[in-house]
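Undergrad: Would you mind keeping the following structure in view while I ask a few things?
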Amino acid sequence: MAEPTFRFSPRPNRAHEIHWQEWTPATFEKARSEDKPVLLSISAVWCHWCHTMDETTYSDAQIIARINSDFIPVRIDNDQRPDINQRYNMGGWPTTAFLTPSGEVITGGTFVAPEQMGPLLDQVMQYWQEHKNEIRDQLAAPAGINLNVQATAPNPESVTKIMDAIRQQFDRAYGGLGVAPKFPQVDVWDLALLFFTATGDGWAAGMAVRTLDAMAGSALFDAVAGGFFRYSTTREWTIPHFEKMLEENAQLARLYMHAYQVLGDETYRQIADQVLSWANKFLLNMNGLWGGSQDADEEYYRLPQEERDKRKAPFVDPVVHTNWNAQMISAQLLAAALINPTVYSPIALTALEALWDRMWDDETGLHHYENASAELPGLLTDVAHFLNACIDGYEFTGDTVYLDRARTLIAYADTVLKSDANTYYDQADTPSAPGRLQHRQQPVNENALMAKAFLRLGAILDDEAWTTRGRSLIAMFAPVAEEQGVFGALWAIVADRAQAPLLTATVAESHHRPGSALRQAIYGLFDRNRIVRTWRVGTEEFAQSGYPEIPMPALYLCQGQTCAAPVTDPQGILEALQQLNAQAMPTPDGNNP
């Protein structure tokens, strides 16, 4: 059964009495023909203050009548329409924005209390009546971004600059960045762990440890049911906003597993296990995919465990989002290697199949969300995350169907999203779309993820063209990433990969002697630039490799042209890596032994 078009607070309210419209060209044409400004509400099913605004401001009879009389009210779901949120969010949720019929912003903000809304509606209407002839058809194009289109490889100094920005904002007392509100900012601490492995910088590791320990030991983490809340309103991580998001928890689970890989602290693995267990217990749908969030019920989460167990858990949004599910699949695959393959492997691989079956269409492409049906094709965020999840699926299983799907997604992105400069836009070209959707953007993070996928494919396939493409793409965004400072952390992670030594892990196997145990063991290894590939006896790749059919299965670890002896037992991987490092270490005369 389909969810309603508009979703309101689960508590009593009258927000549905407002004549909400969907974001369509027809809606904006209606605003034009009726000579009215648009009231845009960006809401979210998990958002506490969105619910509060439904119950108060949008339940006030005078306000309802005034909006229905003088405005064209448009309501969109943040999770389902990230493209609109990216262009119109005014600093949080709910966003309350007033637009011209052409889609330009007149004014706006976030939560508006009932006593503030009346005067605000008056001010907007007065401004509209006085200036509509000059602003009715205006729609400013966004400022261009600072790309280095001639770049062919990133500069290591760019990564160092972003790390310096992180050091400057680090909260030594409580971990995290800045004061309050305080968000987990997963990419920042992932970069810190990476920088530590690359340079031995103990301060980078210390910042990550201080932050991870603080978050896991604070009210931000639900020690009863598992999972992290979205953010803390205080510097000390003591008062969270109680919604739990699929995306953030997928990222946090991977972060804590990375910390376990790098630092060896068993606590981090346990935290990741609790996060993923929560997701699989509360968010996992019957279709094998995860819903987007669990509601922020502050009263419920403040109860002791014995009282919580007697009450119904907060509402879970069952809507499936491609980008978030792809990230959770990647986290569960890593957990299958590091925590429990019996639990996490089948869940991850079932989800990987389900996501492809439900969200990919040969005619219309990759869709963003599924409610009653798959909706909104053509977003880069979905392609970038799903592409990397498919490569994860290949590395974990050795099944080339996932490489085929990765190629399909890249071909799709190249057709509908690629720019003349060989970067990627955030959405398909829709010149007739209302307002700012007419202007496509080139987001740093999603382009970085595309570059990451190219670098991985280049190494897996021994294809320098993919590697060159990945290095060039990540390098072009260096000026933007440096400008963003700490928000350039994901870019920096991929930029580091583009210049780090490549560790190639090749599993040789046959139909009767599969290399699953070796593949799973090496997949759980943390390295700045490691790929896992599988060559089966009888394939062209194996024939060209020159590897013998005995021993079988076997793992071949190589860094550049230097290779360790074949490994036939997972217990031998550490020794092989030590051997490889010793062989790669320069002698006193500067040459490799």
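In the structure tokens, the first chain shown is A, the next is B, and so on; residue numbers restart at 1 for each chain, and ligands run from 1 in the order shown.
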Counting only C-alpha atoms, which residues of stretch 255-356 of chain A fall within 7 Å of stretch 370-376 of chain A, and what is the closest atom pair for each with its distance in Å at one decimal, ordered by chain and rising number, as a Markdown table?

TA:
| residue | atom | partner | partner_atom | distance |
| --- | --- | --- | --- | --- |
| A:Val319 | CA | A:Asn371 | CA | 5.4 |
| A:Val320 | CA | A:Glu370 | CA | 5.2 |
| A:His321 | CA | A:Glu370 | CA | 6.7 |

Undergrad: Write out as an MDAnalysis selection string the set of residues from stretch 6-191 of chain A that DSSP, computed on the backbone, places in alpha helix (DSSP H).

TA: chainID A and resid 25:34 48:55 61:70 82:88 114:135 156:169 186:191

Undergrad: Determine, counting only C-alpha atoms, which protein, DNA and RNA residues have an atom within 8 Å of an atom of stretch 360-364 of chain A; residues of the same chain fewer than 4 positions away are not included. Present the result as number ranges by chain.

TA: A: 355-356, 377

Undergrad: Please save N, CA and C atoms of the selected residues as an mmCIF file, in the first residue's frame.

TA:
data_model
loop_
_atom_site.group_PDB
_atom_site.id
_atom_site.type_symbol
_atom_site.label_atom_id
_atom_site.label_comp_id
_atom_site.auth_asym_id
_atom_site.auth_seq_id
_atom_site.Cartn_x
_atom_site.Cartn_y
_atom_site.Cartn_z
ATOM 1 N N LEU A 355 18.508 -4.301 -4.235
ATOM 2 C CA LEU A 355 18.643 -2.899 -4.630
ATOM 3 C C LEU A 355 18.745 -2.776 -6.143
ATOM 4 N N TRP A 356 19.494 -3.694 -6.755
ATOM 5 C CA TRP A 356 19.599 -3.675 -8.218
ATOM 6 C C TRP A 356 18.252 -4.005 -8.864
ATOM 7 N N PRO A 377 14.661 9.071 -11.069
ATOM 8 C CA PRO A 377 15.930 8.612 -11.639
ATOM 9 C C PRO A 377 16.901 9.761 -11.863
#

Undergrad: From stretch 167-271 of chain A, collect each residue whose DSSP state is strand (DSSP E) and return the set as a list in words.

TA: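 Checking each residue of stretch 167-271 of chain A, the strand (DSSP E) ones are Tyr231, Ser232, Pro240, His241, Lys244 and Met245 of chain A.
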
Undergrad: Quick one: residues within 6 Å of stretch 402-414 of chain A, only C-alpha atoms counted, chain neighbours fewer than 3 positions away excluded, as a tab-separated table (two decimals) with N, CA and C atoms, in the first residue's frame?

TA:
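Wrote out16.tsv, looks like this:
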chain	number	residue	atom	x	y	z
A	387	LEU	N	27.61	2.35	-7.18
A	387	LEU	CA	28.77	1.92	-7.95
A	387	LEU	C	29.85	1.34	-7.04
A	390	CYS	N	28.76	-1.98	-5.54
A	390	CYS	CA	28.92	-3.09	-6.49
A	390	CYS	C	30.36	-3.57	-6.54
A	394	TYR	N	31.90	-7.26	-5.62
A	394	TYR	CA	32.85	-8.05	-6.39
A	394	TYR	C	34.06	-8.45	-5.55
A	417	LEU	N	24.87	12.27	-16.91
A	417	LEU	CA	25.38	13.14	-15.84
A	417	LEU	C	26.74	13.77	-16.14
A	418	LYS	N	27.47	13.28	-17.12
A	418	LYS	CA	28.83	13.77	-17.33
A	418	LYS	C	28.84	15.13	-18.02

Undergrad: Interatomic distance between atom CA of A:Asn422 and atom CA of A:Ile391?

TA: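 Atom CA of A:Ile391 lies at a distance of 21.3 Å from atom CA of A:Asn422.
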
Undergrad: Show which residues sit within 10 Å of stretch 568-575 of chain A, as a ChimeraX atom specification. Count only C-alpha atoms, and ignore same-chain residues fewer than 5 positions away.

TA: /A:507-508,515,517-522,525,551-557,580-581

Undergrad: Pull the closest atom pair for each residue of stretch 54-134 of chain A that gets at most 6 Å from stretch 14-26 of chain A, along with the distance in Å to one decimal, counting only C-alpha atoms, ordering rows by chain and then ascending residue number, as a Markdown table.

TA:
| residue | atom | partner | partner_atom | distance |
| --- | --- | --- | --- | --- |
| A:Asp54 | CA | A:Ala15 | CA | 5.3 |
| A:Tyr58 | CA | A:Ala15 | CA | 4.8 |
| A:Ser59 | CA | A:Arg14 | CA | 4.4 |
| A:Ile64 | CA | A:Ile18 | CA | 5.7 |
| A:Pro73 | CA | A:Trp20 | CA | 5.0 |
| A:Val74 | CA | A:Gln21 | CA | 4.7 |

Undergrad: I'd like the neighbourhood of A:Val186 as a list of chain:residue names, where a residue qualifies if any of its atoms comes within 8 Å (using only C-alpha atoms), though same-chain residues fewer than 5 positions away should be ignored.

TA: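 Surrounding residues, per the criterion: A:Gln251, A:Leu252, A:Leu255.
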
Undergrad: Can you pull out the residues contacting A:Gln274? Cut-off 9 Å, using only C-alpha atoms, and skip same-chain residues under 4 positions away; I want them as a PyMOL selection string.

TA: chain A and resi 223+225-227+253+269-270+278-279

Undergrad: Quick one, how far is atom CA of A:Thr95 from atom CA of A:Pro82?

TA: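 Computing the Euclidean distance for atom CA of A:Thr95 and atom CA of A:Pro82 yields 12.9 Å.
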
Undergrad: Kindly indicate which residue among A:Tyr260, A:Ile460, A:Asp295, A:Thr57 lies nearest to A:Ala44, using only C-alpha atoms for the distances.

TA: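 Smallest distance to A:Ala44 is found for A:Asp295.
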
Undergrad: Taking into account only C-alpha atoms, which residue in the set A:Ala384, A:Ala337, A:Ala204, A:Leu366 is nearest to A:Ala451?

TA: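 Nearest to A:Ala451: A:Ala384.
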
Undergrad: Out of A:Thr350, A:Gln579, A:Gln80, A:Gln559, which residue has the shortest atom-to-atom distance to A:Asn287 when counting only C-alpha atoms?

TA: A:Thr350
